[in-house]
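As stored in work15.csv (CSV, C-alpha atoms):
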chain,number,residue,atom,x,y,z
A,4,MET,CA,109.3,53.7,119.7
A,5,CYS,CA,106.4,53.8,117.1
A,6,ASN,CA,104.7,50.7,118.5
A,7,ASN,CA,104.7,51.5,122.2
A,8,GLN,CA,102.9,54.8,122.3
A,9,ALA,CA,100.0,55.4,124.6
A,10,ASN,CA,96.4,55.9,123.4
A,11,MET,CA,95.6,59.5,122.5
A,12,VAL,CA,93.6,61.4,125.2
A,13,LEU,CA,89.9,61.1,124.5
A,14,LEU,CA,87.5,64.1,124.4
A,15,GLY,CA,86.2,64.9,127.8
A,16,GLU,CA,89.1,63.3,129.6
A,17,VAL,CA,91.4,65.2,131.9
A,18,PHE,CA,94.5,66.2,129.9
A,19,PRO,CA,97.8,64.8,131.4
A,20,ASN,CA,99.4,67.1,133.9
A,21,PHE,CA,102.9,66.6,132.5
A,22,GLU,CA,106.1,68.3,133.5
A,23,ALA,CA,108.4,69.7,130.8
A,24,GLU,CA,111.2,72.1,130.0
A,25,THR,CA,110.3,74.9,127.6
A,26,THR,CA,111.9,77.9,126.1
A,27,GLU,CA,110.4,79.9,128.9
A,28,GLY,CA,111.5,77.6,131.7
A,29,PRO,CA,110.0,74.4,133.4
A,30,ILE,CA,106.3,74.0,133.5
A,31,LYS,CA,103.7,71.7,135.0
A,32,PHE,CA,100.9,71.8,132.5
A,33,HIS,CA,97.8,72.3,134.7
A,34,ASP,CA,99.7,75.0,136.7
A,35,TRP,CA,100.8,76.7,133.5
A,36,LEU,CA,97.2,76.6,132.1
A,37,GLY,CA,96.0,78.2,135.4
A,38,GLY,CA,92.3,77.7,134.7
A,39,SER,CA,92.4,79.2,131.2
A,40,TRP,CA,91.7,77.7,127.8
A,41,GLY,CA,94.8,76.3,126.2
A,42,ILE,CA,96.1,75.0,122.9
A,43,LEU,CA,99.0,72.6,122.6
A,44,PHE,CA,100.3,71.9,119.0
A,45,SER,CA,103.1,69.5,118.2
A,46,HIS,CA,105.8,69.5,115.5
A,47,PRO,CA,108.0,66.8,114.1
A,48,ALA,CA,111.3,68.6,114.5
A,49,ASP,CA,113.1,71.9,114.6
A,50,PHE,CA,114.5,73.5,111.5
A,51,THR,CA,111.8,71.9,109.3
A,52,PRO,CA,110.1,73.9,106.6
A,53,VAL,CA,106.4,73.3,107.2
A,54,CYS,CA,106.8,73.7,111.0
A,55,THR,CA,108.5,77.0,110.4
A,56,THR,CA,105.5,78.3,108.5
A,57,GLU,CA,103.1,76.9,111.2
A,58,LEU,CA,104.9,78.4,114.2
A,59,GLY,CA,105.1,81.7,112.4
A,60,ALA,CA,101.4,81.7,111.5
A,61,ALA,CA,100.5,80.8,115.1
A,62,ALA,CA,102.7,83.7,116.4
A,63,GLN,CA,101.0,86.1,114.0
A,64,LEU,CA,97.6,85.0,115.4
A,65,ALA,CA,98.7,85.1,119.0
A,66,PRO,CA,96.6,88.3,119.7
A,67,GLU,CA,93.5,86.5,118.4
A,68,PHE,CA,94.1,83.5,120.7
A,69,ALA,CA,94.7,86.0,123.6
A,70,LYS,CA,91.4,87.8,122.8
A,71,ARG,CA,89.7,84.4,123.4
A,72,GLY,CA,91.6,83.8,126.6
A,73,VAL,CA,93.5,80.9,125.1
A,74,LYS,CA,97.1,80.2,126.2
A,75,MET,CA,99.4,78.8,123.4
A,76,ILE,CA,102.2,76.3,123.7
A,77,ALA,CA,104.0,74.2,121.1
A,78,VAL,CA,106.1,71.0,121.4
A,79,SER,CA,108.9,69.7,119.2
A,80,CYS,CA,111.3,66.7,119.6
A,81,ASP,CA,114.5,68.8,120.1
A,82,PRO,CA,116.2,70.4,123.1
A,83,VAL,CA,115.4,73.9,124.4
A,84,GLN,CA,118.5,75.5,123.0
A,85,SER,CA,117.7,74.2,119.5
A,86,HIS,CA,114.2,75.7,119.9
A,87,LYS,CA,115.7,79.1,120.8
A,88,ASP,CA,118.0,79.0,117.8
A,89,TRP,CA,115.1,77.9,115.6
A,90,ILE,CA,112.9,80.8,116.8
A,91,LYS,CA,115.3,83.2,115.1
A,92,ASP,CA,114.6,81.5,111.8
A,93,ILE,CA,110.8,81.5,112.5
A,94,GLU,CA,110.9,85.2,113.2
A,95,ALA,CA,113.0,86.0,110.2
A,96,TYR,CA,111.0,83.9,107.7
A,97,ASN,CA,107.6,85.1,109.0
A,98,HIS,CA,108.7,88.8,109.5
A,99,LEU,CA,107.8,88.7,113.2
A,100,ALA,CA,108.7,91.5,115.6
A,101,GLY,CA,108.9,91.7,119.4
A,102,ALA,CA,109.1,88.8,121.8
A,103,PHE,CA,108.1,85.4,120.6
A,104,PRO,CA,104.6,85.0,122.1
A,105,TYR,CA,104.5,81.5,123.4
A,106,PRO,CA,106.8,78.7,124.8
A,107,ILE,CA,108.0,75.6,122.9
A,108,ILE,CA,108.3,72.4,124.9
A,109,ALA,CA,111.5,70.3,124.6
A,110,ASP,CA,110.7,66.6,124.0
A,111,GLU,CA,114.0,65.3,122.7
A,112,GLU,CA,113.3,61.8,124.2
A,113,ARG,CA,109.8,61.8,122.7
A,114,ARG,CA,108.3,61.0,126.1
A,115,LEU,CA,105.4,63.5,125.6
A,116,ALA,CA,104.9,62.4,122.0
A,117,VAL,CA,104.5,58.8,123.3
A,118,GLN,CA,102.3,59.7,126.3
A,119,LEU,CA,99.9,61.7,124.1
A,120,GLY,CA,99.9,59.2,121.2
A,121,MET,CA,101.3,61.7,118.7
A,122,LEU,CA,103.8,59.6,116.7
A,123,ASP,CA,103.5,59.2,113.0
A,124,PRO,CA,104.6,55.7,112.0
A,125,ASP,CA,104.9,56.7,108.3
A,126,GLU,CA,107.4,59.5,108.8
A,127,ARG,CA,110.8,58.8,110.3
A,128,THR,CA,114.1,60.5,111.0
A,129,ALA,CA,117.4,59.4,109.3
A,130,GLU,CA,118.0,57.3,112.5
A,131,GLY,CA,114.6,55.5,112.0
A,132,LEU,CA,112.8,57.2,114.8
A,133,CYS,CA,109.2,58.1,114.2
A,134,LEU,CA,108.4,61.8,113.8
A,135,THR,CA,105.8,63.5,115.9
A,136,ALA,CA,102.6,64.0,114.0
A,137,ARG,CA,100.9,67.5,113.8
A,138,ALA,CA,98.5,67.2,116.7
A,139,VAL,CA,96.3,69.9,118.0
A,140,PHE,CA,94.8,69.7,121.5
A,141,VAL,CA,92.4,72.3,122.9
A,142,VAL,CA,92.0,72.1,126.6
A,143,GLY,CA,89.3,73.8,128.6
A,144,PRO,CA,89.5,75.7,131.9
A,145,ASP,CA,88.5,72.4,133.6
A,146,ASN,CA,91.7,70.8,132.3
A,147,ARG,CA,89.6,68.5,130.1
A,148,LEU,CA,90.2,67.9,126.4
A,149,LYS,CA,87.7,69.8,124.3
A,150,LEU,CA,89.0,69.2,120.7
A,151,SER,CA,91.8,67.2,119.1
A,152,ILE,CA,93.0,67.2,115.5
A,153,LEU,CA,95.7,64.9,114.1
A,154,TYR,CA,97.5,65.7,110.8
A,155,PRO,CA,100.3,63.7,109.3
A,156,ALA,CA,103.8,65.2,109.5
A,157,THR,CA,103.5,66.2,105.8
A,158,THR,CA,100.4,68.3,106.0
A,159,GLY,CA,100.4,71.8,107.5
A,160,ARG,CA,97.6,73.0,109.7
A,161,ASN,CA,95.1,75.9,109.2
A,162,PHE,CA,95.2,78.0,112.3
A,163,HIS,CA,92.3,80.1,111.2
A,164,GLU,CA,90.2,76.9,111.3
A,165,ILE,CA,91.5,76.2,114.8
A,166,LEU,CA,90.4,79.7,115.9
A,167,ARG,CA,86.9,79.1,114.3
A,168,ALA,CA,86.6,75.8,116.2
A,169,ILE,CA,87.6,77.5,119.5
A,170,ASP,CA,84.9,80.2,118.9
A,171,SER,CA,82.4,77.3,118.6
A,172,LEU,CA,83.7,75.5,121.6
A,173,GLN,CA,83.5,78.6,123.8
A,174,LEU,CA,80.0,79.5,122.6
A,175,THR,CA,78.5,76.0,122.9
A,176,ALA,CA,80.1,75.6,126.4
A,177,GLN,CA,77.9,78.5,127.6
A,178,LYS,CA,74.8,78.4,125.3
A,179,LYS,CA,72.5,75.6,124.4
A,180,VAL,CA,73.3,75.6,120.7
A,181,ALA,CA,75.4,73.8,118.2
A,182,THR,CA,77.2,75.3,115.2
A,183,PRO,CA,76.5,74.1,111.7
A,184,VAL,CA,78.9,73.4,108.8
A,185,ASN,CA,81.2,76.3,107.9
A,186,TRP,CA,79.8,78.3,110.8
A,187,LYS,CA,81.8,81.4,111.9
A,188,ALA,CA,81.3,83.8,114.8
A,189,GLY,CA,78.1,85.8,114.2
A,190,ASP,CA,76.4,83.3,112.0
A,191,LYS,CA,73.1,81.6,113.0
A,192,CYS,CA,73.3,78.5,115.2
A,193,MET,CA,71.4,75.3,115.6
A,194,VAL,CA,69.0,74.8,118.5
A,195,LEU,CA,69.8,71.6,120.3
A,196,PRO,CA,67.3,68.8,119.6
A,197,SER,CA,67.0,68.1,123.3
A,198,ILE,CA,65.4,71.6,123.9
A,199,SER,CA,61.6,71.7,123.8
A,200,GLU,CA,59.7,74.2,121.7
A,201,ASP,CA,58.5,76.1,124.8
A,202,ASP,CA,62.0,76.2,126.3
A,203,ALA,CA,63.5,77.3,122.9
A,204,LYS,CA,61.2,80.4,122.9
A,205,LYS,CA,62.4,81.3,126.4
A,206,LEU,CA,66.1,80.6,125.7
A,207,PHE,CA,66.3,82.4,122.3
A,208,PRO,CA,64.2,85.6,122.4
A,209,ALA,CA,65.7,86.6,119.1
A,210,GLY,CA,63.6,83.9,117.5
A,211,VAL,CA,63.7,80.3,116.4
A,212,GLU,CA,63.2,79.3,112.8
A,213,VAL,CA,62.0,75.8,112.1
A,214,HIS,CA,63.1,74.5,108.7
A,215,GLU,CA,60.7,72.2,106.8
A,216,VAL,CA,62.2,69.0,105.4
A,217,PRO,CA,60.5,66.1,103.6
A,218,SER,CA,60.4,63.9,106.7
A,219,GLY,CA,58.2,66.4,108.4
A,220,LYS,CA,60.3,66.3,111.5
A,221,LYS,CA,61.0,69.6,113.2
A,222,TYR,CA,64.6,68.9,114.2
A,223,ILE,CA,66.3,71.6,112.1
A,224,ARG,CA,65.9,74.8,114.1
A,225,THR,CA,68.1,77.9,113.8
A,226,THR,CA,68.5,81.0,115.9
A,227,PRO,CA,70.7,84.1,115.8
A,228,GLN,CA,73.9,83.5,117.7
A,229,PRO,CA,73.1,84.1,121.4
A,230,GLN,CA,75.0,86.8,123.2
Will you turn the file into structure tokens for me?
Amino acid sequence: MCNNQANMVLLGEVFPNFEAETTEGPIKFHDWLGGSWGILFSHPADFTPVCTTELGAAAQLAPEFAKRGVKMIAVSCDPVQSHKDWIKDIEAYNHLAGAFPYPIIADEERRLAVQLGMLDPDERTAEGLCLTARAVFVVGPDNRLKLSILYPATTGRNFHEILRAIDSLQLTAQKKVATPVNWKAGDKCMVLPSISEDDAKKLFPAGVEVHEVPSGKKYIRTTPQPQ
């Protein structure tokens, strides 16, 4: 099972339009996405400690994802009823109230984990099966992969960082800028090197600052975040 997994989807490729059972019923991924941004994040197994913290943190941040127009969905290698039982633990441990805000995909035969190249060869179940790694896939309204992050099963994710990355993805999809190291929404952005000096003045009326460097090249240009 660990050696026959497919290659992970590459950035810019159309994300597979898989069909699956979830805690909210059957889905076909592109139909479920419905032209929205989406995030799919995977988990090694139900009733595992790190996953319980992650799913809880994701649920707490659900309003932030919704504000950005991002639909959320998780996947774990157990059946739907197991997911539903586990959700009770997730809600209790993370002090959640109200309806659980996103579905969890059942992947007990690990078909989706194989299809998306998410298996972790270093982490196995008692039966010797490879666990699903902690993958994050952000898919755009065009159904294409915009970002992927792959953590080992032993390392929990930072969902605030994922939100920060989504802010960058959504901004740079609309504006001709890039975001520098440790950027967060509202910070200055980098003007793309492909934009001429004259075009930069037109595109960024708030101003463009050219930063001097020893090489003398004028490639480091910043501007207030475009609105």
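Among the candidate residues A:Arg114, A:Arg167, A:Lys91, A:Lys204, the one lying nearest to Leu150 of chain A is A:Arg167, with distances computed using all atoms listed in the file.
Minimum distance to Gly159 of chain A across A:Glu22, A:Glu111, A:Asp49, A:Glu57 (counting only C-alpha atoms) occurs at A:Glu57.
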One decimal place gives the atom CA of Phe103 of chain A-atom CA of Glu27 of chain A separation as 10.2 Å
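Each of A:Pro104, A:Pro217, A:Pro47, A:Pro19 was checked against Ala61 of chain A using all atoms listed in the file; the smallest atom-to-atom distance is that of A:Pro104.
Atom CA of Leu148 of chain A is found 24.7 Å from atom CA of Gly59 of chain A.
Restricting the calculation to all atoms listed in the file, the smallest distance between Val73 of chain A and any of A:Val12, A:Ile223, A:Leu36, A:Val53 is found for A:Leu36.
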